[in-house]
$ cat target-v1.tsv   # TSV, C-alpha atoms and all ligand atoms
chain	number	residue	atom	x	y	z
A	1	MET	CA	116.18	-26.43	-88.40
A	2	ARG	CA	113.58	-29.06	-89.18
A	3	ALA	CA	110.03	-27.89	-89.89
A	4	LEU	CA	106.81	-29.44	-91.10
A	5	LEU	CA	105.57	-27.59	-94.18
A	6	TYR	CA	102.09	-27.61	-95.67
A	7	TYR	CA	102.19	-28.04	-99.47
A	8	GLY	CA	98.48	-28.60	-100.08
A	9	PRO	CA	95.60	-30.78	-98.91
A	10	GLY	CA	97.02	-34.09	-97.70
A	11	ASP	CA	100.59	-33.04	-98.45
A	12	LEU	CA	102.85	-32.29	-95.46
A	13	ARG	CA	106.64	-32.53	-95.71
A	14	VAL	CA	109.37	-32.34	-93.10
A	15	GLU	CA	112.18	-30.19	-94.48
A	16	GLU	CA	115.36	-28.51	-93.41
A	17	VAL	CA	114.69	-24.74	-93.46
A	18	PRO	CA	116.61	-21.67	-92.24
A	19	GLN	CA	116.02	-20.80	-88.58
A	20	PRO	CA	113.87	-17.64	-88.38
A	21	GLU	CA	115.76	-14.38	-87.73
A	22	PRO	CA	114.05	-12.27	-85.04
A	23	GLY	CA	113.54	-8.58	-85.82
A	24	PRO	CA	112.98	-5.86	-83.19
A	25	GLY	CA	110.52	-7.09	-80.56
A	26	ASP	CA	110.17	-10.57	-82.08
A	27	VAL	CA	110.73	-13.54	-79.79
A	28	LEU	CA	112.42	-16.69	-81.05
A	29	VAL	CA	111.09	-19.76	-79.28
A	30	GLN	CA	112.60	-23.25	-79.24
A	31	VAL	CA	109.49	-25.40	-79.43
A	32	GLU	CA	109.28	-28.04	-76.71
A	33	VAL	CA	105.88	-29.31	-77.73
A	34	ALA	CA	103.18	-28.39	-80.24
A	35	LEU	CA	99.62	-29.71	-80.12
A	36	THR	CA	97.40	-30.85	-82.96
A	37	ASP	CA	93.93	-29.38	-83.12
A	38	GLY	CA	90.76	-29.62	-85.16
A	39	THR	CA	91.54	-26.56	-87.24
A	40	ASP	CA	94.84	-28.06	-88.33
A	41	ALA	CA	93.20	-31.41	-89.09
A	42	LYS	CA	90.56	-29.68	-91.25
A	43	ALA	CA	93.19	-27.54	-92.96
A	44	PHE	CA	95.21	-30.67	-93.71
A	45	ARG	CA	92.21	-32.21	-95.48
A	46	ARG	CA	90.90	-29.25	-97.43
A	47	GLY	CA	93.27	-26.30	-97.07
A	48	HIS	CA	92.54	-23.03	-95.32
A	49	PRO	CA	91.95	-19.75	-97.17
A	50	LEU	CA	93.44	-17.57	-94.41
A	51	LEU	CA	95.91	-19.69	-92.47
A	52	LEU	CA	97.48	-21.43	-95.43
A	53	ALA	CA	96.99	-18.95	-98.25
A	54	GLU	CA	100.49	-19.37	-99.67
A	55	THR	CA	102.20	-22.72	-100.00
A	56	PRO	CA	104.47	-24.16	-98.86
A	57	SER	CA	103.38	-22.75	-95.53
A	58	PRO	CA	104.54	-23.22	-91.95
A	59	PHE	CA	101.92	-25.14	-90.00
A	60	GLY	CA	100.64	-25.52	-86.42
A	61	HIS	CA	99.83	-22.86	-83.85
A	62	GLU	CA	99.49	-24.39	-80.36
A	63	PHE	CA	102.83	-24.66	-78.63
A	64	CYS	CA	104.95	-24.26	-75.53
A	65	GLY	CA	108.66	-23.57	-75.70
A	66	ILE	CA	111.71	-21.75	-74.45
A	67	ASP	CA	112.38	-18.10	-75.24
A	68	VAL	CA	115.95	-18.50	-76.53
A	69	THR	CA	116.95	-15.03	-75.31
A	70	THR	CA	115.71	-15.25	-71.72
A	71	GLY	CA	115.61	-19.03	-71.23
A	72	ARG	CA	112.06	-18.73	-69.88
A	73	ARG	CA	109.35	-21.22	-70.77
A	74	VAL	CA	106.60	-19.37	-72.62
A	75	VAL	CA	103.31	-19.82	-74.42
A	76	ALA	CA	101.66	-17.40	-76.83
A	77	ALA	CA	98.34	-16.97	-78.55
A	78	ASN	CA	98.26	-17.14	-82.35
A	79	SER	CA	97.37	-13.46	-82.79
A	80	ALA	CA	97.05	-10.22	-80.86
A	81	PRO	CA	94.57	-7.37	-81.33
A	82	CYS	CA	96.03	-4.07	-82.48
A	83	GLY	CA	94.37	-1.94	-79.79
A	84	GLU	CA	93.82	0.88	-82.26
A	85	CYS	CA	91.04	-0.02	-84.70
A	86	ALA	CA	87.33	0.71	-84.15
A	87	PRO	CA	86.40	-2.78	-82.84
A	88	CYS	CA	89.38	-2.71	-80.42
A	89	ALA	CA	88.26	0.75	-79.22
A	90	ARG	CA	84.79	-0.71	-78.54
A	91	GLY	CA	86.39	-3.51	-76.50
A	92	GLU	CA	85.55	-6.09	-79.16
A	93	GLU	CA	89.11	-7.28	-79.55
A	94	THR	CA	88.10	-10.56	-81.18
A	95	LEU	CA	86.79	-8.48	-84.09
A	96	CYS	CA	90.05	-6.51	-84.44
A	97	GLU	CA	90.57	-5.49	-88.06
A	98	ASN	CA	94.28	-6.30	-87.80
A	99	LEU	CA	94.34	-9.76	-86.21
A	100	ARG	CA	95.83	-11.33	-89.30
A	101	PRO	CA	98.20	-12.82	-90.22
A	102	PHE	CA	97.82	-15.49	-87.55
A	103	LEU	CA	100.90	-17.13	-86.12
A	104	ASN	CA	101.76	-20.38	-87.86
A	105	GLY	CA	104.70	-22.73	-87.72
A	106	ALA	CA	104.59	-24.49	-84.34
A	107	TYR	CA	105.35	-27.85	-85.98
A	108	ALA	CA	109.04	-26.98	-86.14
A	109	GLU	CA	112.14	-26.84	-83.95
A	110	PHE	CA	111.96	-23.06	-83.70
A	111	LEU	CA	109.10	-20.58	-84.03
A	112	LEU	CA	109.20	-16.82	-84.40
A	113	VAL	CA	106.58	-15.00	-82.32
A	114	PRO	CA	106.05	-11.64	-84.05
A	115	ALA	CA	106.53	-8.46	-82.00
A	116	ARG	CA	102.84	-7.59	-81.59
A	117	ILE	CA	101.94	-11.04	-80.28
A	118	ALA	CA	105.10	-11.12	-78.14
A	119	GLU	CA	104.13	-7.81	-76.59
A	120	ARG	CA	100.48	-8.53	-75.85
A	121	ASN	CA	99.89	-12.28	-75.88
A	122	LEU	CA	103.10	-14.06	-74.86
A	123	LEU	CA	103.11	-15.29	-71.26
A	124	PRO	CA	105.61	-17.01	-68.97
A	125	VAL	CA	104.54	-20.51	-67.95
A	126	PRO	CA	104.17	-21.20	-64.20
A	127	PRO	CA	106.99	-23.57	-63.12
A	128	ALA	CA	104.79	-26.52	-62.12
A	129	LEU	CA	102.76	-26.58	-65.32
A	130	ALA	CA	103.63	-29.29	-67.87
A	131	PRO	CA	104.50	-27.88	-71.33
A	132	GLU	CA	101.86	-29.97	-73.14
A	133	VAL	CA	99.18	-28.63	-70.78
A	134	ALA	CA	100.40	-25.03	-71.03
A	135	ALA	CA	100.23	-25.39	-74.83
A	136	MET	CA	96.41	-25.63	-74.57
A	137	VAL	CA	96.21	-21.96	-73.65
A	138	GLU	CA	94.94	-20.83	-77.07
A	139	PRO	CA	92.02	-23.26	-77.54
A	140	LEU	CA	91.02	-22.84	-73.89
A	141	ALA	CA	91.03	-19.06	-74.35
A	142	CYS	CA	88.60	-19.54	-77.28
A	143	CYS	CA	86.38	-21.62	-74.99
A	144	LEU	CA	86.41	-19.03	-72.20
A	145	HIS	CA	85.32	-16.46	-74.76
A	146	GLY	CA	82.63	-18.83	-76.03
A	147	VAL	CA	81.20	-19.33	-72.55
A	148	GLU	CA	81.27	-15.59	-71.99
A	149	ARG	CA	79.32	-15.16	-75.23
A	150	ALA	CA	76.83	-17.78	-74.03
A	151	GLY	CA	75.97	-15.55	-71.08
A	152	ALA	CA	74.63	-18.43	-68.94
A	153	GLN	CA	73.40	-17.41	-65.50
A	154	GLN	CA	74.32	-19.23	-62.30
A	155	GLY	CA	72.48	-22.56	-62.13
A	156	GLN	CA	71.30	-22.53	-65.74
A	157	THR	CA	71.77	-25.61	-67.88
A	158	VAL	CA	74.34	-25.44	-70.64
A	159	ALA	CA	74.38	-28.27	-73.18
A	160	VAL	CA	77.62	-28.74	-75.09
A	161	LEU	CA	77.30	-30.65	-78.37
A	162	GLY	CA	80.41	-32.61	-79.29
A	163	PRO	CA	82.70	-33.89	-76.51
A	164	GLY	CA	85.95	-33.42	-78.45
A	165	PRO	CA	88.85	-31.42	-76.98
A	166	ILE	CA	87.04	-28.11	-77.54
A	167	GLY	CA	83.74	-29.49	-76.24
A	168	LEU	CA	85.41	-30.81	-73.08
A	169	MET	CA	87.14	-27.48	-72.49
A	170	LEU	CA	83.79	-25.73	-72.97
A	171	CYS	CA	82.25	-28.08	-70.39
A	172	ALA	CA	84.92	-27.19	-67.83
A	173	ALA	CA	84.63	-23.47	-68.55
A	174	ALA	CA	80.82	-23.48	-68.30
A	175	LYS	CA	80.92	-25.58	-65.12
A	176	ASP	CA	83.42	-23.25	-63.56
A	177	GLY	CA	81.11	-20.35	-64.40
A	178	GLY	CA	78.40	-21.91	-62.24
A	179	ALA	CA	76.28	-23.68	-64.85
A	180	ARG	CA	74.93	-27.21	-64.80
A	181	VAL	CA	76.58	-28.75	-67.85
A	182	VAL	CA	75.29	-31.53	-70.08
A	183	ALA	CA	77.60	-33.17	-72.64
A	184	VAL	CA	75.69	-34.33	-75.71
A	185	GLY	CA	76.89	-36.97	-78.18
A	186	GLY	CA	80.08	-38.99	-78.42
A	187	ARG	CA	80.87	-42.59	-77.68
A	188	SER	CA	80.64	-44.00	-74.14
A	189	GLY	CA	84.31	-43.51	-73.27
A	190	ARG	CA	84.08	-39.88	-74.26
A	191	ARG	CA	80.92	-39.38	-72.24
A	192	GLU	CA	82.69	-40.75	-69.18
A	193	LEU	CA	85.58	-38.37	-69.76
A	194	ALA	CA	83.06	-35.49	-69.96
A	195	ARG	CA	82.17	-36.19	-66.31
A	196	GLU	CA	85.73	-35.37	-65.35
A	197	PHE	CA	85.31	-32.03	-67.10
A	198	GLY	CA	82.25	-31.14	-65.04
A	199	ALA	CA	79.49	-32.39	-67.36
A	200	GLU	CA	76.80	-35.05	-67.06
A	201	PRO	CA	76.06	-37.02	-70.22
A	202	GLY	CA	72.56	-36.30	-71.54
A	203	ASP	CA	70.46	-35.34	-74.53
A	204	GLY	CA	70.50	-31.61	-73.83
A	205	ARG	CA	66.80	-31.12	-74.52
A	206	GLY	CA	65.39	-27.97	-72.98
A	207	ALA	CA	68.78	-26.48	-72.10
A	208	ASP	CA	68.92	-22.74	-71.38
A	209	VAL	CA	72.03	-22.50	-73.51
A	210	VAL	CA	73.32	-24.84	-76.21
A	211	ILE	CA	76.90	-24.55	-77.43
A	212	GLU	CA	77.62	-26.24	-80.72
A	213	ALA	CA	81.18	-27.63	-80.89
A	214	VAL	CA	80.84	-30.30	-83.57
A	215	GLY	CA	80.97	-28.18	-86.71
A	216	THR	CA	78.48	-30.09	-88.84
A	217	ALA	CA	75.24	-28.79	-90.34
A	218	GLU	CA	73.43	-31.57	-88.50
A	219	ALA	CA	74.78	-30.38	-85.15
A	220	TRP	CA	73.68	-26.82	-85.97
A	221	ARG	CA	70.15	-28.04	-86.54
A	222	ASP	CA	70.28	-30.16	-83.37
A	223	ALA	CA	71.41	-27.13	-81.37
A	224	LEU	CA	68.44	-25.11	-82.61
A	225	GLU	CA	66.04	-27.93	-81.75
A	226	LEU	CA	67.40	-28.68	-78.30
A	227	VAL	CA	67.44	-25.20	-76.78
A	228	ARG	CA	64.42	-24.14	-74.70
A	229	PRO	CA	62.09	-21.34	-75.82
A	230	GLY	CA	63.83	-18.05	-75.07
A	231	GLY	CA	67.21	-19.80	-74.90
A	232	THR	CA	70.55	-19.05	-76.51
A	233	VAL	CA	72.55	-21.04	-79.05
A	234	VAL	CA	76.26	-20.35	-79.46
A	235	PHE	CA	78.01	-21.45	-82.62
A	236	PHE	CA	81.69	-22.28	-82.55
A	237	GLY	CA	82.94	-22.22	-86.13
A	238	GLY	CA	81.30	-21.14	-89.37
A	239	ARG	CA	79.30	-23.14	-91.87
A	240	GLU	CA	76.50	-22.62	-94.35
A	241	VAL	CA	73.21	-24.05	-93.17
A	242	ALA	CA	69.52	-23.50	-93.90
A	243	VAL	CA	67.71	-22.35	-90.77
A	244	HIS	CA	63.95	-22.45	-90.39
A	245	THR	CA	63.26	-19.21	-88.54
A	246	PHE	CA	59.99	-20.47	-87.05
A	247	ARG	CA	61.50	-21.13	-83.61
A	248	LEU	CA	63.61	-18.00	-83.76
A	249	HIS	CA	60.46	-15.96	-84.23
A	250	TYR	CA	57.82	-17.69	-82.10
A	251	GLU	CA	60.18	-18.84	-79.36
A	252	GLU	CA	62.50	-15.87	-79.37
A	253	LEU	CA	65.75	-17.78	-79.60
A	254	THR	CA	69.02	-15.93	-79.48
A	255	LEU	CA	71.78	-17.08	-81.86
A	256	ARG	CA	75.31	-15.98	-81.15
A	257	GLY	CA	78.63	-16.61	-82.85
A	258	SER	CA	81.88	-16.95	-80.98
A	259	PHE	CA	85.25	-16.35	-82.56
A	260	HIS	CA	88.75	-16.43	-81.16
A	261	HIS	CA	89.82	-14.75	-77.91
A	262	ALA	CA	91.04	-11.51	-76.37
A	263	PRO	CA	94.24	-11.14	-74.31
A	264	ARG	CA	92.26	-11.35	-71.05
A	265	HIS	CA	90.96	-14.78	-72.13
A	266	VAL	CA	94.51	-15.92	-72.87
A	267	ARG	CA	95.69	-14.87	-69.40
A	268	ALA	CA	92.64	-16.45	-67.75
A	269	ALA	CA	93.15	-19.67	-69.73
A	270	LEU	CA	96.75	-20.04	-68.55
A	271	ALA	CA	95.66	-19.50	-64.93
A	272	PHE	CA	92.81	-21.99	-65.39
A	273	LEU	CA	95.24	-24.61	-66.74
A	274	ALA	CA	97.66	-23.94	-63.88
A	275	SER	CA	94.85	-24.31	-61.33
A	276	GLY	CA	94.75	-28.04	-62.02
A	277	ALA	CA	90.99	-27.91	-61.44
A	278	TYR	CA	90.33	-30.30	-64.32
A	279	PRO	CA	92.45	-33.16	-65.70
A	280	TRP	CA	93.68	-31.18	-68.71
A	281	GLU	CA	96.49	-33.69	-69.36
A	282	ARG	CA	93.89	-36.27	-70.38
A	283	LEU	CA	93.14	-34.20	-73.48
A	284	VAL	CA	96.58	-35.14	-74.84
A	285	THR	CA	96.13	-38.75	-75.91
A	286	HIS	CA	99.00	-39.26	-78.35
A	287	GLN	CA	102.61	-38.28	-78.86
A	288	VAL	CA	104.29	-38.09	-82.27
A	289	GLY	CA	107.31	-36.64	-84.09
A	290	LEU	CA	107.08	-34.23	-87.04
A	291	GLU	CA	107.15	-37.15	-89.49
A	292	GLN	CA	104.03	-38.74	-88.02
A	293	VAL	CA	101.76	-35.67	-88.10
A	294	ALA	CA	100.53	-36.28	-91.67
A	295	GLY	CA	99.64	-39.89	-90.90
A	296	LEU	CA	97.80	-38.83	-87.78
A	297	PHE	CA	95.67	-36.30	-89.67
A	298	ALA	CA	95.09	-38.66	-92.62
A	299	ASP	CA	93.96	-41.55	-90.45
A	300	PRO	CA	93.14	-40.27	-86.96
A	301	PRO	CA	92.89	-42.97	-84.27
A	302	ALA	CA	89.37	-43.26	-82.82
A	303	ASP	CA	90.61	-42.25	-79.37
A	304	LEU	CA	92.57	-39.19	-80.55
A	305	LEU	CA	91.83	-35.96	-78.74
A	306	LYS	CA	95.02	-33.98	-79.07
A	307	ALA	CA	98.48	-35.19	-80.01
A	308	ALA	CA	101.68	-33.75	-78.56
A	309	VAL	CA	104.09	-33.14	-81.44
A	310	LEU	CA	107.72	-33.24	-80.30
A	311	PRO	CA	109.90	-31.58	-82.97
A	401	ZN	ZN	92.29	-3.77	-83.59
$ encode --input "target-v1.tsv" --output "structure tokens" --more "lines below"
Ligand SMILES: [Zn+2]
Amino acid sequence: MRALLYYGPGDLRVEEVPQPEPGPGDVLVQVEVALTDGTDAKAFRRGHPLLLAETPSPFGHEFCGIDVTTGRRVVAANSAPCGECAPCARGEETLCENLRPFLNGAYAEFLLVPARIAERNLLPVPPALAPEVAAMVEPLACCLHGVERAGAQQGQTVAVLGPGPIGLMLCAAAKDGGARVVAVGGRSGRRELAREFGAEPGDGRGADVVIEAVGTAEAWRDALELVRPGGTVVFFGGREVAVHTFRLHYEELTLRGSFHHAPRHVRAALAFLASGAYPWERLVTHQVGLEQVAGLFADPPADLLKAAVLP
């Protein structure tokens, strides 16, 4: 089969590789569509210590495809909690000690979903749902978890920094949870799109909750400045940044991290996509073959949100 392999920063190659052999409980999926995401784009530029530890490595983790054994259309998350470690026992499945290795290799004709993920985090796709929309289940699950971590009350204002694909999904998730949502930053076209995901464009100042979905040190500082006294800031993604603790102390800010998703978020995300409540399909702005993925990451078009990769 043909697969896109990661050889190092900036170096992706399409090669002919053996089709994976499923072991007991594994599910072999014929990939209909994979989606690019920010993590992959970052990994392409500078590598990734966990996802791409050994090279050449399979690459890509958002997908929708056909279970070759049953013929059913399926999606899966890129990991599954073990259910047995101490964090899992506490119900903190995102902190599972055995999440890794994460699933990788969606940019290929076939993908092996390992038994544990197949058992806990592989779901049949509702018939009316387009494959490229269903494939958003994993990032949307992360966003549902992020909004849960934010803990916004009904009617509170949630500011989302960064109206990229993740930011727009966060807007929709926060809106659906009953918040008033403000989308901060981005060019005018993107701000207009944010309206369709339940957010008003604005500066976010004085928000009860600020969710940072840009991933720059500057955005981290902005998030800490914008939130109201006593408010909560949620950080999506990790980065080293100097924080002046003045506001944390005198204004009793709450800082929370958000990582990954639990199986209930994955199920809820698929149902949310299937609801058609938001124009999810507008998050897929481009369509490419395996050969064009490297070019897309190296020189992303200004209007790129997510690209559908057809293997
Ligand atoms: Zn566990």
$ residues_near_ligand --input "target-v1.tsv" --ligand "ligand ZN 401 (chain A)" --cutoff "10 Å" --atoms "all atoms listed in the file" --output "PyMOL selection string"
chain A and resi 80-99
$ closest_residue --input "target-v1.tsv" --among "A:Pro49, A:Phe110, A:Val214, A:Pro126" --to "Gly167 of chain A" --atoms "all atoms listed in the file"
A:Val214
$ residues_around --input "target-v1.tsv" --residues "Arg195 of chain A" --least-positions-apart "2" --cutoff "10 Å" --atoms "all atoms listed in the file" --output "list in words"
Leu168, Cys171, Ala172, Val181, Val182, Ala183, Arg190, Arg191, Glu192, Leu193, Phe197, Gly198, Ala199, Glu200 and Pro201 of chain A
$ atom_distance --input "target-v1.tsv" --atom1 "atom CA of Asp208 of chain A" --atom2 "atom CA of Arg256 of chain A"
13.5 Å
$ closest_atom_pairs --input "target-v1.tsv" --of "segment 46-129 of chain A" --to "segment 1-23 of chain A" --cutoff "7 Å" --atoms "only C-alpha atoms" --output "CSV"
residue,atom,partner,partner_atom,distance
A:Arg46,CA,A:Pro9,CA,5.2
A:Gly47,CA,A:Pro9,CA,5.4
A:Thr55,CA,A:Tyr7,CA,5.3
A:Pro56,CA,A:Tyr7,CA,4.5
A:Ser57,CA,A:Tyr6,CA,5.0
A:Pro58,CA,A:Leu5,CA,5.0
A:Phe59,CA,A:Leu5,CA,6.1
A:Tyr107,CA,A:Leu4,CA,5.6
A:Ala108,CA,A:Ala3,CA,4.0
A:Glu109,CA,A:Arg2,CA,5.9
A:Phe110,CA,A:Gln19,CA,6.7
A:Leu112,CA,A:Pro20,CA,6.2
$ residues_near_point --input "target-v1.tsv" --point "(116.9, -19.3, -79.8)" --cutoff "6 Å" --atoms "only C-alpha atoms" --output "MDAnalysis selection string"
chainID A and resid 28:30 68
$ closest_residue --input "target-v1.tsv" --among "A:Ala217, A:Ala223, A:Ala271, A:Ala173" --to "Arg149 of chain A" --atoms "all atoms listed in the file"
A:Ala173
$ residues_around --input "target-v1.tsv" --residues "Leu283 of chain A" --least-positions-apart "5" --cutoff "10 Å" --atoms "all atoms listed in the file" --output "list of chain:residue names"
A:Glu132, A:Val133, A:Met136, A:Gly164, A:Pro165, A:Ile166, A:Leu168, A:Met169, A:Leu193, A:Leu304, A:Leu305, A:Lys306, A:Ala307, A:Ala308
$ atom_distance --input "target-v1.tsv" --atom1 "atom CA of Ala219 of chain A" --atom2 "atom CA of Glu138 of chain A"
23.7 Å
$ decode --input "target-v1.tsv" --residues "segment 294-308 of chain A" --atoms "N, CA and C atoms" --output "tab-separated table (two decimals), in the first residue's frame"
chain	number	residue	atom	x	y	z
A	294	ALA	N	3.15	17.38	2.08
A	294	ALA	CA	4.37	18.08	2.48
A	294	ALA	C	4.33	19.54	2.04
A	295	GLY	N	3.91	19.76	0.80
A	295	GLY	CA	3.83	21.12	0.27
A	295	GLY	C	2.84	21.98	1.05
A	296	LEU	N	1.77	21.35	1.46
A	296	LEU	CA	0.73	22.06	2.21
A	296	LEU	C	1.26	22.50	3.57
A	297	PHE	N	2.01	21.61	4.23
A	297	PHE	CA	2.57	21.96	5.54
A	297	PHE	C	3.71	22.97	5.40
A	298	ALA	N	4.50	22.83	4.32
A	298	ALA	CA	5.65	23.72	4.15
A	298	ALA	C	5.21	25.14	3.83
A	299	ASP	N	4.13	25.25	3.08
A	299	ASP	CA	3.69	26.57	2.61
A	299	ASP	C	2.17	26.63	2.71
A	300	PRO	N	1.62	26.70	3.93
A	300	PRO	CA	0.17	26.61	4.07
A	300	PRO	C	-0.55	27.81	3.48
A	301	PRO	N	-1.58	27.57	2.65
A	301	PRO	CA	-2.37	28.69	2.11
A	301	PRO	C	-2.99	29.48	3.26
A	302	ALA	N	-3.16	30.79	3.04
A	302	ALA	CA	-3.66	31.66	4.11
A	302	ALA	C	-5.05	31.23	4.59
A	303	ASP	N	-5.82	30.64	3.67
A	303	ASP	CA	-7.20	30.28	4.04
A	303	ASP	C	-7.34	28.83	4.49
A	304	LEU	N	-6.20	28.17	4.76
A	304	LEU	CA	-6.26	26.76	5.17
A	304	LEU	C	-6.79	26.62	6.59
A	305	LEU	N	-7.82	25.81	6.75
A	305	LEU	CA	-8.21	25.38	8.10
A	305	LEU	C	-7.76	23.93	8.23
A	306	LYS	N	-8.53	23.02	7.63
A	306	LYS	CA	-8.10	21.64	7.59
A	306	LYS	C	-8.15	21.15	6.15
A	307	ALA	N	-7.22	20.28	5.79
A	307	ALA	CA	-7.23	19.69	4.46
A	307	ALA	C	-7.66	18.23	4.55
A	308	ALA	N	-8.53	17.83	3.62
A	308	ALA	CA	-8.88	16.42	3.49
A	308	ALA	C	-7.79	15.76	2.65
